[in-house]
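A.B. asks: File follows, start36.csv with CSV, C-alpha atoms:
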```csv
chain,number,residue,atom,x,y,z
W,1,MET,CA,7.8,11.4,-17.2
W,2,PHE,CA,7.9,12.5,-20.9
W,3,ASP,CA,7.3,16.1,-19.9
W,4,LEU,CA,10.2,15.9,-17.4
W,5,LEU,CA,12.6,14.4,-19.9
W,6,THR,CA,11.6,16.9,-22.5
W,7,ASP,CA,12.1,19.8,-20.0
W,8,TYR,CA,15.6,18.5,-19.1
W,9,ILE,CA,16.6,18.2,-22.7
W,10,ARG,CA,15.1,21.5,-23.9
W,11,SER,CA,16.5,23.5,-21.1
W,12,GLY,CA,20.0,22.0,-21.5
W,13,ARG,CA,20.0,20.5,-18.0
W,14,ILE,CA,21.1,17.3,-19.6
W,15,ARG,CA,23.0,17.1,-22.9
W,16,LEU,CA,22.9,14.1,-25.2
W,17,ASP,CA,25.4,12.5,-27.6
W,18,LYS,CA,23.3,11.4,-30.5
W,19,THR,CA,26.3,9.7,-32.2
W,20,LYS,CA,26.4,6.9,-29.5
W,21,ILE,CA,23.6,4.7,-30.9
W,22,THR,CA,24.6,3.6,-34.4
W,23,TYR,CA,22.0,0.9,-35.0
W,24,ARG,CA,18.3,1.1,-35.9
W,25,ALA,CA,15.7,1.4,-33.1
W,26,ALA,CA,11.9,1.1,-33.1
W,27,TYR,CA,9.4,2.7,-30.7
W,28,HIS,CA,6.4,1.0,-29.1
W,29,ASP,CA,3.5,3.0,-27.7
W,30,PRO,CA,2.2,1.5,-24.4
W,31,CYS,CA,-1.6,1.4,-24.0
W,32,ASN,CA,-1.5,3.4,-20.8
W,33,TYR,CA,0.4,6.4,-22.2
W,34,GLY,CA,-1.5,6.4,-25.5
W,35,ARG,CA,-5.1,5.2,-25.7
W,36,LYS,CA,-5.7,5.2,-21.9
W,37,SER,CA,-4.2,8.6,-21.3
W,38,GLN,CA,-6.2,10.0,-24.1
W,39,GLU,CA,-9.4,8.6,-22.7
W,40,LEU,CA,-8.7,9.6,-19.0
W,41,PHE,CA,-6.8,12.8,-19.3
W,42,GLY,CA,-7.7,14.0,-22.9
W,43,HIS,CA,-4.0,13.7,-24.0
W,44,GLY,CA,-2.3,10.7,-25.5
W,45,TYR,CA,1.5,10.8,-25.2
W,46,TYR,CA,2.4,10.2,-28.8
W,47,GLU,CA,4.5,13.3,-29.9
W,48,GLU,CA,6.6,13.7,-26.8
W,49,PRO,CA,8.4,10.3,-26.8
W,50,ARG,CA,9.0,10.7,-30.6
W,51,TRP,CA,10.6,14.2,-30.0
W,52,ILE,CA,12.8,12.7,-27.3
W,53,LEU,CA,13.8,9.9,-29.6
W,54,ASP,CA,14.7,12.5,-32.3
W,55,GLN,CA,17.2,13.9,-29.8
W,56,CYS,CA,18.7,10.5,-29.0
W,57,ILE,CA,18.9,8.3,-32.1
W,58,SER,CA,19.5,9.1,-35.8
W,59,ASP,CA,17.9,6.0,-37.1
W,60,TRP,CA,14.7,5.2,-35.3
W,61,VAL,CA,11.4,4.1,-36.9
W,62,ASP,CA,7.8,3.6,-36.0
W,63,LEU,CA,6.0,0.3,-35.9
W,64,PHE,CA,3.0,-0.1,-38.1
W,65,PRO,CA,0.3,0.5,-37.0
W,66,LYS,CA,1.2,3.1,-34.4
W,67,GLU,CA,-0.1,5.5,-31.8
W,68,GLY,CA,-3.8,4.9,-31.1
W,69,HIS,CA,-3.9,1.9,-33.4
W,70,GLN,CA,-0.7,0.4,-31.8
W,71,TYR,CA,-0.9,-3.3,-30.8
W,72,CYS,CA,-0.6,-4.1,-27.1
W,73,CYS,CA,2.6,-6.0,-26.1
W,74,GLY,CA,0.5,-8.7,-24.6
W,75,GLY,CA,1.8,-8.3,-21.0
W,76,GLY,CA,-0.4,-5.4,-19.8
W,77,GLY,CA,-3.3,-5.2,-17.4
W,78,GLY,CA,-1.5,-7.4,-14.9
W,79,THR,CA,-1.5,-10.4,-17.3
W,80,LEU,CA,2.3,-10.8,-16.7
W,81,LEU,CA,1.4,-11.8,-13.1
W,82,THR,CA,-1.0,-14.5,-14.1
W,83,PRO,CA,0.0,-18.1,-14.9
W,84,TYR,CA,-1.3,-17.8,-18.5
W,85,ARG,CA,2.1,-17.8,-20.2
W,86,ASP,CA,1.1,-19.6,-23.4
W,87,GLU,CA,-1.7,-17.1,-24.0
W,88,ARG,CA,0.7,-14.2,-23.4
W,89,ILE,CA,3.2,-15.6,-26.0
W,90,HIS,CA,0.4,-16.1,-28.5
W,91,TYR,CA,-0.9,-12.5,-27.8
W,92,ALA,CA,2.6,-11.1,-28.7
W,93,ARG,CA,2.8,-12.6,-32.2
W,94,ARG,CA,1.5,-9.4,-33.9
W,95,LYS,CA,3.8,-7.2,-31.9
W,96,MET,CA,6.8,-9.3,-32.7
W,97,GLU,CA,5.9,-9.3,-36.5
W,98,GLN,CA,5.6,-5.5,-36.3
W,99,ILE,CA,9.1,-5.3,-34.8
W,100,LYS,CA,10.6,-7.8,-37.2
W,101,ARG,CA,9.3,-5.8,-40.2
W,102,THR,CA,11.2,-2.7,-39.1
W,103,GLY,CA,14.6,-4.4,-39.1
W,104,ALA,CA,15.4,-2.7,-35.8
W,105,GLU,CA,18.0,-4.1,-33.4
W,106,MET,CA,16.5,-2.3,-30.5
W,107,LEU,CA,12.9,-1.7,-29.2
W,108,VAL,CA,12.4,1.4,-27.0
W,109,VAL,CA,9.5,1.3,-24.6
W,110,PRO,CA,8.6,3.6,-21.7
W,111,CYS,CA,6.7,1.0,-19.7
W,112,HIS,CA,7.8,-1.7,-17.2
W,113,SER,CA,5.2,-4.2,-18.3
W,114,CYS,CA,5.9,-3.8,-22.0
W,115,HIS,CA,9.7,-4.1,-21.3
W,116,ALA,CA,9.3,-7.4,-19.3
W,117,GLN,CA,6.9,-8.9,-21.8
W,118,ILE,CA,8.9,-8.2,-25.0
W,119,LYS,CA,12.1,-9.4,-23.3
W,120,ALA,CA,10.3,-12.6,-22.2
W,121,VAL,CA,9.0,-13.5,-25.7
W,122,ALA,CA,11.7,-12.3,-28.0
W,123,GLU,CA,13.5,-15.6,-28.1
W,124,THR,CA,10.3,-17.5,-29.0
W,125,TYR,CA,9.9,-15.3,-32.0
W,126,GLY,CA,13.4,-15.7,-33.3
W,127,MET,CA,14.8,-12.4,-32.0
W,128,PRO,CA,17.1,-13.5,-29.1
W,129,ASP,CA,19.4,-10.5,-29.8
W,130,LEU,CA,16.7,-7.9,-29.8
W,131,ARG,CA,17.7,-5.1,-27.3
W,132,VAL,CA,14.8,-3.8,-25.3
W,133,LYS,CA,15.4,-0.5,-23.5
W,134,TYR,CA,13.4,1.9,-21.5
W,135,LEU,CA,13.1,5.4,-23.0
W,136,TRP,CA,14.8,6.8,-19.9
W,137,GLU,CA,17.5,4.2,-20.1
W,138,VAL,CA,18.4,5.3,-23.7
W,139,VAL,CA,18.6,8.9,-22.4
W,140,ALA,CA,20.8,7.9,-19.4
W,141,ASP,CA,23.0,5.8,-21.7
W,142,ILE,CA,23.9,8.8,-24.0
W,143,MET,CA,24.0,11.6,-21.5
W,144,ILE,CA,27.1,13.7,-21.6
W,145,ILE,CA,28.8,13.4,-18.1
W,146,ASP,CA,31.1,16.3,-17.2
V,1,MET,CA,-15.5,-21.2,-21.5
V,2,THR,CA,-18.6,-23.3,-21.8
V,3,SER,CA,-20.1,-23.6,-25.3
V,4,PRO,CA,-23.2,-21.5,-26.1
V,5,ASP,CA,-25.3,-24.6,-26.1
V,6,SER,CA,-24.7,-25.2,-22.4
V,7,ILE,CA,-25.6,-21.7,-21.3
V,8,ASN,CA,-28.6,-21.9,-19.0
V,9,LEU,CA,-31.1,-19.3,-20.1
V,10,GLU,CA,-32.3,-19.0,-16.5
V,11,HIS,CA,-29.1,-17.0,-16.0
V,12,LEU,CA,-30.4,-14.4,-18.4
V,13,ASN,CA,-31.0,-11.2,-16.4
V,14,HIS,CA,-31.1,-8.0,-18.4
V,15,ASP,CA,-31.1,-5.8,-15.3
V,16,ARG,CA,-28.0,-7.4,-13.7
V,17,PHE,CA,-25.5,-4.9,-15.1
V,18,LYS,CA,-27.9,-2.0,-15.6
V,19,SER,CA,-25.9,0.2,-13.2
V,20,TRP,CA,-22.7,-0.1,-15.3
V,21,SER,CA,-22.1,3.0,-17.3
V,22,PHE,CA,-20.0,1.5,-20.0
V,23,SER,CA,-22.6,1.9,-22.8
V,24,GLN,CA,-22.8,-1.9,-23.1
V,25,ASN,CA,-26.5,-1.8,-24.0
V,26,ILE,CA,-26.0,0.1,-27.3
V,27,CYS,CA,-23.7,-2.5,-28.9
V,28,THR,CA,-24.6,-3.1,-32.5
V,29,THR,CA,-22.7,-6.4,-32.6
V,30,CYS,CA,-20.7,-5.2,-35.6
V,31,GLY,CA,-17.6,-7.2,-34.4
V,32,ILE,CA,-15.0,-4.5,-35.2
V,33,CYS,CA,-13.7,-5.0,-31.6
V,34,SER,CA,-13.2,-8.7,-32.2
V,35,SER,CA,-11.3,-8.1,-35.4
V,36,SER,CA,-9.0,-5.6,-33.7
V,37,CYS,CA,-8.2,-7.8,-30.7
V,38,PRO,CA,-4.9,-9.8,-30.7
V,39,VAL,CA,-6.3,-12.3,-28.3
V,40,SER,CA,-9.6,-13.0,-30.0
V,41,GLY,CA,-10.2,-16.7,-30.5
V,42,VAL,CA,-8.0,-17.8,-27.5
V,43,GLU,CA,-10.3,-20.1,-25.5
V,44,GLY,CA,-13.1,-18.8,-27.6
V,45,PHE,CA,-12.6,-15.2,-26.3
V,46,ASP,CA,-14.4,-12.6,-28.3
V,47,PRO,CA,-15.0,-9.1,-27.0
V,48,ARG,CA,-18.2,-8.8,-29.0
V,49,LYS,CA,-19.6,-11.8,-27.2
V,50,LEU,CA,-18.4,-10.6,-23.9
V,51,VAL,CA,-20.2,-7.3,-24.3
V,52,ARG,CA,-23.3,-9.2,-25.3
V,53,MET,CA,-23.1,-11.5,-22.3
V,54,VAL,CA,-22.9,-8.4,-20.0
V,55,ARG,CA,-26.0,-7.0,-21.8
V,56,LEU,CA,-27.8,-10.3,-21.1
V,57,GLY,CA,-26.6,-10.5,-17.6
V,58,PHE,CA,-24.6,-13.8,-17.7
V,59,GLN,CA,-22.7,-13.0,-14.6
V,60,GLU,CA,-21.8,-16.5,-13.5
V,61,GLN,CA,-20.2,-17.5,-16.8
V,62,LEU,CA,-18.3,-14.2,-17.2
V,63,VAL,CA,-16.8,-14.4,-13.7
V,64,GLU,CA,-15.8,-18.0,-14.1
V,65,THR,CA,-14.2,-17.8,-17.5
V,66,ARG,CA,-10.5,-16.9,-18.0
V,67,TRP,CA,-11.5,-14.4,-20.7
V,68,PRO,CA,-11.2,-11.2,-18.5
V,69,TRP,CA,-7.8,-12.4,-17.3
V,70,ILE,CA,-6.2,-13.1,-20.7
V,71,CYS,CA,-7.5,-9.8,-22.0
V,72,THR,CA,-4.9,-7.1,-21.2
V,73,MET,CA,-7.5,-4.3,-21.1
V,74,CYS,CA,-5.4,-2.6,-23.8
V,75,GLY,CA,-8.4,-0.7,-25.0
V,76,LYS,CA,-7.9,-1.2,-28.8
V,77,CYS,CA,-11.4,-2.6,-29.0
V,78,ALA,CA,-12.9,0.5,-27.4
V,79,TYR,CA,-10.7,2.7,-29.6
V,80,VAL,CA,-12.2,1.3,-32.8
V,81,CYS,CA,-15.7,0.8,-31.5
V,82,PRO,CA,-18.2,3.0,-33.5
V,83,MET,CA,-20.5,3.1,-30.4
V,84,LYS,CA,-17.7,4.1,-28.0
V,85,ILE,CA,-18.4,1.2,-25.7
V,86,ASP,CA,-15.9,1.1,-22.9
V,87,ILE,CA,-15.0,-2.6,-23.3
V,88,ALA,CA,-11.7,-2.4,-21.2
V,89,ASN,CA,-13.6,-1.1,-18.2
V,90,ILE,CA,-16.3,-3.8,-18.7
V,91,VAL,CA,-13.5,-6.4,-18.4
V,92,ARG,CA,-12.1,-4.7,-15.3
V,93,GLY,CA,-15.7,-4.7,-13.8
V,94,ILE,CA,-15.9,-8.4,-14.4
V,95,ARG,CA,-12.5,-9.0,-12.8
V,96,SER,CA,-13.8,-7.2,-9.7
V,97,LEU,CA,-16.6,-9.7,-9.3
V,98,ARG,CA,-14.3,-12.7,-8.7
V,99,ASP,CA,-13.7,-13.9,-5.1
V,100,ARG,CA,-10.4,-12.5,-4.2
V,101,ASP,CA,-8.9,-15.9,-3.5
V,102,GLN,CA,-9.8,-16.9,-7.1
V,103,VAL,CA,-7.8,-14.0,-8.6
V,104,PRO,CA,-5.2,-15.7,-10.8
V,105,GLY,CA,-1.4,-15.6,-10.2
V,106,ILE,CA,0.2,-13.4,-7.6
V,107,LEU,CA,-1.9,-10.4,-8.2
V,108,HIS,CA,-4.1,-10.5,-5.1
V,109,LYS,CA,-1.2,-11.9,-2.9
V,110,GLY,CA,0.8,-8.7,-3.9
V,111,ILE,CA,-2.2,-6.5,-3.0
V,112,ASP,CA,-2.5,-8.2,0.3
V,113,ALA,CA,1.2,-7.8,1.0
V,114,ALA,CA,1.1,-4.2,0.0
V,115,LEU,CA,-1.9,-3.4,2.2
V,116,LYS,CA,-0.1,-5.0,5.2
V,117,THR,CA,3.5,-3.9,4.5
V,118,GLY,CA,3.5,-1.0,2.0
V,119,ASN,CA,4.9,-3.0,-0.9
V,120,ASN,CA,3.9,-6.0,-3.0
V,121,LEU,CA,7.0,-8.0,-2.0
V,122,ALA,CA,6.6,-7.5,1.8
V,123,LEU,CA,10.2,-6.4,1.7
V,124,PRO,CA,11.3,-5.2,5.2
V,125,LYS,CA,12.3,-1.6,5.5
V,126,GLU,CA,15.9,-2.3,6.5
V,127,ASP,CA,16.4,-4.6,3.5
V,128,TYR,CA,14.9,-2.0,1.2
V,129,LEU,CA,17.1,0.8,2.5
V,130,PHE,CA,20.1,-1.4,2.2
V,131,ILE,CA,19.4,-2.1,-1.5
V,132,LEU,CA,19.0,1.7,-2.2
V,133,GLU,CA,22.3,2.5,-0.5
V,134,ASP,CA,24.1,-0.3,-2.2
V,135,VAL,CA,22.9,0.8,-5.7
V,136,ALA,CA,23.7,4.4,-4.8
V,137,GLU,CA,27.3,3.4,-3.9
V,138,GLU,CA,27.7,1.6,-7.2
V,139,ILE,CA,26.7,4.7,-9.0
V,140,ALA,CA,29.0,6.8,-6.9
V,141,ALA,CA,31.9,4.6,-8.0
V,142,GLU,CA,31.3,5.7,-11.7
V,143,PRO,CA,33.2,8.7,-13.1
V,144,GLY,CA,31.2,11.9,-12.9
V,145,PHE,CA,28.9,10.6,-10.1
V,146,GLU,CA,31.3,10.9,-7.2
V,147,GLY,CA,29.5,11.4,-3.9
V,148,PHE,CA,26.2,10.3,-5.4
V,149,LYS,CA,23.5,9.5,-2.8
V,150,ALA,CA,19.9,8.5,-3.1
V,151,PRO,CA,17.8,10.9,-1.0
V,152,VAL,CA,15.1,9.4,1.2
V,153,ASP,CA,12.1,11.3,2.8
V,154,LYS,CA,13.6,14.7,1.9
V,155,GLU,CA,11.2,17.4,2.8
V,156,GLY,CA,10.4,20.1,0.3
V,157,ALA,CA,12.1,18.3,-2.6
V,158,ASN,CA,10.9,19.2,-6.1
V,159,ILE,CA,10.0,15.7,-7.1
V,160,LEU,CA,8.9,12.6,-5.3
V,161,THR,CA,9.5,9.3,-7.1
V,162,THR,CA,8.0,5.9,-6.3
V,163,ILE,CA,9.5,2.5,-7.0
V,164,HIS,CA,8.4,-0.5,-9.1
V,165,ASN,CA,8.9,-3.5,-6.8
V,166,LYS,CA,10.9,-5.4,-9.4
V,167,LEU,CA,13.6,-2.7,-9.3
V,168,VAL,CA,14.4,-3.6,-5.6
V,169,ASN,CA,14.0,-7.3,-6.4
V,170,THR,CA,15.5,-8.8,-9.5
V,171,HIS,CA,16.2,-5.6,-11.6
V,172,THR,CA,18.2,-3.3,-9.3
V,173,GLU,CA,20.4,-2.2,-12.3
V,174,ASP,CA,17.3,-0.5,-13.7
V,175,LEU,CA,17.1,1.8,-10.7
V,176,LYS,CA,20.2,3.6,-12.0
V,177,HIS,CA,18.8,5.2,-15.2
V,178,TRP,CA,16.5,7.8,-13.6
V,179,TRP,CA,18.8,8.3,-10.6
V,180,LYS,CA,21.7,9.2,-13.0
V,181,ILE,CA,19.4,11.5,-15.0
V,182,PHE,CA,18.4,13.3,-11.7
V,183,HIS,CA,22.0,13.7,-10.7
V,184,VAL,CA,23.1,15.2,-14.0
V,185,ALA,CA,20.1,17.5,-14.2
V,186,LYS,CA,20.8,18.6,-10.6
V,187,GLU,CA,17.3,17.7,-9.7
V,188,ASP,CA,16.1,18.1,-6.1
V,189,TRP,CA,14.4,14.7,-5.7
V,190,THR,CA,13.5,12.1,-3.1
V,191,LEU,CA,12.5,8.5,-2.5
V,192,VAL,CA,10.4,7.5,0.5
V,193,SER,CA,11.3,5.0,3.1
V,194,GLU,CA,7.8,3.5,3.7
V,195,ASN,CA,4.8,2.8,1.4
V,196,TRP,CA,7.1,3.2,-1.6
V,197,GLU,CA,5.3,0.9,-4.0
V,198,GLY,CA,4.7,2.5,-7.4
V,199,THR,CA,2.7,-0.2,-9.0
V,200,ASN,CA,-1.0,-0.5,-8.2
V,201,TRP,CA,-2.3,-4.0,-8.7
V,202,GLY,CA,-5.7,-2.9,-7.4
V,203,TYR,CA,-6.1,-1.3,-10.9
V,204,PHE,CA,-5.5,-4.7,-12.5
V,205,THR,CA,-7.8,-6.8,-10.4
V,206,GLY,CA,-10.7,-4.3,-10.2
V,207,ASP,CA,-10.1,-3.7,-6.5
V,208,ASP,CA,-11.1,-0.1,-6.2
V,209,THR,CA,-10.7,0.0,-2.4
V,210,ALA,CA,-7.1,-1.2,-2.5
V,211,MET,CA,-6.4,1.1,-5.5
V,212,LYS,CA,-7.6,4.1,-3.5
V,213,THR,CA,-5.6,3.1,-0.5
V,214,PHE,CA,-2.4,2.9,-2.6
V,215,ILE,CA,-3.0,6.2,-4.3
V,216,GLY,CA,-3.9,7.8,-0.9
V,217,ARG,CA,-0.5,6.7,0.5
V,218,ILE,CA,1.3,8.6,-2.3
V,219,VAL,CA,-0.8,11.7,-1.8
V,220,GLU,CA,-0.1,11.5,2.0
V,221,HIS,CA,3.7,11.4,1.3
V,222,MET,CA,3.4,14.5,-0.9
V,223,GLU,CA,1.4,16.4,1.7
V,224,GLN,CA,3.7,15.4,4.6
V,225,LEU,CA,6.9,16.1,2.7
V,226,ASN,CA,5.5,19.2,1.0
V,227,ILE,CA,6.2,18.0,-2.5
V,228,SER,CA,4.1,19.1,-5.5
V,229,SER,CA,5.4,16.9,-8.3
V,230,LEU,CA,5.3,13.1,-8.6
V,231,MET,CA,7.3,11.0,-11.0
V,232,CYS,CA,5.7,7.6,-11.2
V,233,PRO,CA,6.7,5.7,-14.4
V,234,GLU,CA,5.0,2.5,-13.1
```
As structure tokens, how would this structure be written, given the file I've shared?

C.D. replies:
Amino acid sequence: MFDLLTDYIRSGRIRLDKTKITYRAAYHDPCNYGRKSQELFGHGYYEEPRWILDQCISDWVDLFPKEGHQYCCGGGGGTLLTPYRDERIHYARRKMEQIKRTGAEMLVVPCHSCHAQIKAVAETYGMPDLRVKYLWEVVADIMIID
Amino acid sequence: MTSPDSINLEHLNHDRFKSWSFSQNICTTCGICSSSCPVSGVEGFDPRKLVRMVRLGFQEQLVETRWPWICTMCGKCAYVCPMKIDIANIVRGIRSLRDRDQVPGILHKGIDAALKTGNNLALPKEDYLFILEDVAEEIAAEPGFEGFKAPVDKEGANILTTIHNKLVNTHTEDLKHWWKIFHVAKEDWTLVSENWEGTNWGYFTGDDTAMKTFIGRIVEHMEQLNISSLMCPE
């Protein structure tokens, strides 16, 4: 997915208008593309999404900690599909503190579980206006259409 | 979780998990895993204790507790573990030992539905195809996307893509992002009309048999349609 987007952008098959997003964004590393991918396939996808974001957004920042030390969103491993809602909300407290500290208006995630979890808990943590977007959604939003 | 006082030492069985290759026996009980875990302390959950209980063979307590189901198997504990103990897979192993009708939430129901119908929602084929066409028509109405169609079962396409069930359920708008990118990049891509489910809940519940079945279906599509690349962002 990252490789495909990178290929489309590098080869010029899609062109992006970087001026379209004028507010600050932050990036979240999903466990499966980072730690798990590193463990299973010997490669964690850390650099690729950051390169893609460099092509899309002027003001994007990392959460702290990041990459291998990134905190889980709290919705992974199928936990979104269990009835343990209070536990999930509690789990997300560090993630939401990380986001809040960056001052970002948008969180970019390349994962369906992270997307659903962050959207579900944002209001509880006082961030009802936080935009949560898929990485590929950001790309689609700013693509130049002939 | 029962308090340590009530643990019956007759349950102690050092050999119980001997066959598990997750290095659980070399734990030094340093507790770095517990410090790194965002869900430590919830219902007394503690990855260090969990590893210790596996070492001692407390199967019954481990299977009964909610611990392995509030853990997201994010792997941060294993990432910081100085002994490289595979704690996330230990948790998945414990999940696999629950009776399937005791698996919490809709996880096993979704697996059952997918085994029978090809998707977690048990969505009939005609409804599924109707949704795809409907969303494709909405895209075709946008400037620059005139004539857009979502290809299905296209032999020899460059890329096969699966679908996350929520995208043909409550989040159909989110089907559009990748489809638009494919269109602009002039990609030769295809969806499939059956067994299209992209999520694999067998991975979550520790159900290896179901997991292999779901992966096998995707491989079968790729072989039958003669497609070499898969895009599966689920």

A.B. asks: Counting all atoms listed in the file, which residue out of W:Ser58, W:Thr82, W:Gln70, W:Gln38 sits closest to chain V?

C.D. replies: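 Answer, going by the shortest atom-to-atom distance: W:Thr82.
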
A.B. asks: Return the neighbours of chain W among the residues of chain V, cut-off 7 Å, counting only C-alpha atoms, as a list in words.

C.D. replies: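 Filtering chain V at 7 Å from chain W with only C-alpha atoms gives Pro38, Val39, Trp69, Ile70, Thr72, Met73, Cys74, Gly75, Lys76, Pro104, Gly105, Ile106, Leu107, Gly144, His177, Trp178, Lys180, Ile181, Val184, Ala185, Phe204, Met231, Pro233 and Glu234 of chain V.
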
A.B. asks: Rounded to one decimal in Å, what is the spacing between atom CA of Ala25 of chain W and atom CA of Ala104 of chain W?

C.D. replies: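 If I compute the distance from atom CA of Ala25 of chain W to atom CA of Ala104 of chain W, I get 4.9 Å.
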
A.B. asks: Quick one: pull the distance between atom CA of Glu194 of chain V and atom CA of Lys125 of chain V, Å, one decimal.

C.D. replies: 7.0 Å

A.B. asks: Using the incomplete input, complete segment 17-41 of chain W to the level of N, CA and C atoms; output as a PDB file, in the frame of the given file.

C.D. replies:
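So the final result, stored in result-v3.pdb, reads:
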```pdb
ATOM      1  N   ASP W  17      24.502  12.815 -26.451  1.00  0.00           N
ATOM      2  CA  ASP W  17      25.400  12.500 -27.600  1.00  0.00           C
ATOM      3  C   ASP W  17      24.720  11.571 -28.528  1.00  0.00           C
ATOM      4  N   LYS W  18      24.152  12.170 -29.579  1.00  0.00           N
ATOM      5  CA  LYS W  18      23.300  11.400 -30.500  1.00  0.00           C
ATOM      6  C   LYS W  18      24.132  10.410 -31.360  1.00  0.00           C
ATOM      7  N   THR W  19      25.465  10.547 -31.332  1.00  0.00           N
ATOM      8  CA  THR W  19      26.300   9.700 -32.200  1.00  0.00           C
ATOM      9  C   THR W  19      26.489   8.282 -31.547  1.00  0.00           C
ATOM     10  N   LYS W  20      26.100   8.159 -30.281  1.00  0.00           N
ATOM     11  CA  LYS W  20      26.400   6.900 -29.500  1.00  0.00           C
ATOM     12  C   LYS W  20      25.667   5.689 -30.015  1.00  0.00           C
ATOM     13  N   ILE W  21      24.432   5.881 -30.463  1.00  0.00           N
ATOM     14  CA  ILE W  21      23.600   4.700 -30.900  1.00  0.00           C
ATOM     15  C   ILE W  21      23.681   4.663 -32.423  1.00  0.00           C
ATOM     16  N   THR W  22      24.318   3.617 -32.918  1.00  0.00           N
ATOM     17  CA  THR W  22      24.600   3.600 -34.400  1.00  0.00           C
ATOM     18  C   THR W  22      23.694   2.602 -35.108  1.00  0.00           C
ATOM     19  N   TYR W  23      22.846   1.902 -34.367  1.00  0.00           N
ATOM     20  CA  TYR W  23      22.000   0.900 -35.000  1.00  0.00           C
ATOM     21  C   TYR W  23      20.530   1.405 -35.012  1.00  0.00           C
ATOM     22  N   ARG W  24      19.682   0.708 -35.745  1.00  0.00           N
ATOM     23  CA  ARG W  24      18.300   1.100 -35.900  1.00  0.00           C
ATOM     24  C   ARG W  24      17.463   0.737 -34.636  1.00  0.00           C
ATOM     25  N   ALA W  25      16.583   1.667 -34.229  1.00  0.00           N
ATOM     26  CA  ALA W  25      15.700   1.400 -33.100  1.00  0.00           C
ATOM     27  C   ALA W  25      14.242   1.568 -33.578  1.00  0.00           C
ATOM     28  N   ALA W  26      13.325   0.929 -32.881  1.00  0.00           N
ATOM     29  CA  ALA W  26      11.900   1.100 -33.100  1.00  0.00           C
ATOM     30  C   ALA W  26      11.216   1.507 -31.839  1.00  0.00           C
ATOM     31  N   TYR W  27      10.096   2.224 -31.940  1.00  0.00           N
ATOM     32  CA  TYR W  27       9.400   2.700 -30.700  1.00  0.00           C
ATOM     33  C   TYR W  27       8.026   2.052 -30.607  1.00  0.00           C
ATOM     34  N   HIS W  28       7.720   1.621 -29.393  1.00  0.00           N
ATOM     35  CA  HIS W  28       6.400   1.000 -29.100  1.00  0.00           C
ATOM     36  C   HIS W  28       5.611   1.915 -28.143  1.00  0.00           C
ATOM     37  N   ASP W  29       4.362   2.239 -28.518  1.00  0.00           N
ATOM     38  CA  ASP W  29       3.500   3.000 -27.700  1.00  0.00           C
ATOM     39  C   ASP W  29       2.768   2.147 -26.649  1.00  0.00           C
ATOM     40  N   PRO W  30       3.023   2.314 -25.354  1.00  0.00           N
ATOM     41  CA  PRO W  30       2.200   1.500 -24.400  1.00  0.00           C
ATOM     42  C   PRO W  30       0.794   2.021 -24.318  1.00  0.00           C
ATOM     43  N   CYS W  31      -0.129   1.099 -24.065  1.00  0.00           N
ATOM     44  CA  CYS W  31      -1.600   1.400 -24.000  1.00  0.00           C
ATOM     45  C   CYS W  31      -1.853   2.538 -23.022  1.00  0.00           C
ATOM     46  N   ASN W  32      -1.172   2.477 -21.862  1.00  0.00           N
ATOM     47  CA  ASN W  32      -1.500   3.400 -20.800  1.00  0.00           C
ATOM     48  C   ASN W  32      -1.075   4.860 -21.099  1.00  0.00           C
ATOM     49  N   TYR W  33      -0.009   5.034 -21.861  1.00  0.00           N
ATOM     50  CA  TYR W  33       0.400   6.400 -22.200  1.00  0.00           C
ATOM     51  C   TYR W  33      -0.272   6.900 -23.472  1.00  0.00           C
ATOM     52  N   GLY W  34      -0.847   5.983 -24.231  1.00  0.00           N
ATOM     53  CA  GLY W  34      -1.500   6.400 -25.500  1.00  0.00           C
ATOM     54  C   GLY W  34      -3.021   6.388 -25.302  1.00  0.00           C
ATOM     55  N   ARG W  35      -3.652   5.289 -25.703  1.00  0.00           N
ATOM     56  CA  ARG W  35      -5.100   5.200 -25.700  1.00  0.00           C
ATOM     57  C   ARG W  35      -5.708   5.578 -24.299  1.00  0.00           C
ATOM     58  N   LYS W  36      -5.133   4.999 -23.222  1.00  0.00           N
ATOM     59  CA  LYS W  36      -5.700   5.200 -21.900  1.00  0.00           C
ATOM     60  C   LYS W  36      -5.558   6.635 -21.424  1.00  0.00           C
ATOM     61  N   SER W  37      -4.402   7.209 -21.695  1.00  0.00           N
ATOM     62  CA  SER W  37      -4.200   8.600 -21.300  1.00  0.00           C
ATOM     63  C   SER W  37      -5.091   9.531 -22.050  1.00  0.00           C
ATOM     64  N   GLN W  38      -5.276   9.235 -23.319  1.00  0.00           N
ATOM     65  CA  GLN W  38      -6.200  10.000 -24.100  1.00  0.00           C
ATOM     66  C   GLN W  38      -7.608   9.979 -23.567  1.00  0.00           C
ATOM     67  N   GLU W  39      -8.021   8.770 -23.179  1.00  0.00           N
ATOM     68  CA  GLU W  39      -9.400   8.600 -22.700  1.00  0.00           C
ATOM     69  C   GLU W  39      -9.559   9.246 -21.307  1.00  0.00           C
ATOM     70  N   LEU W  40      -8.555   9.085 -20.417  1.00  0.00           N
ATOM     71  CA  LEU W  40      -8.700   9.600 -19.000  1.00  0.00           C
ATOM     72  C   LEU W  40      -8.352  11.031 -18.876  1.00  0.00           C
ATOM     73  N   PHE W  41      -7.312  11.473 -19.577  1.00  0.00           N
ATOM     74  CA  PHE W  41      -6.800  12.800 -19.300  1.00  0.00           C
ATOM     75  C   PHE W  41      -6.941  13.734 -20.579  1.00  0.00           C
TER      76      PHE W  41
END
```
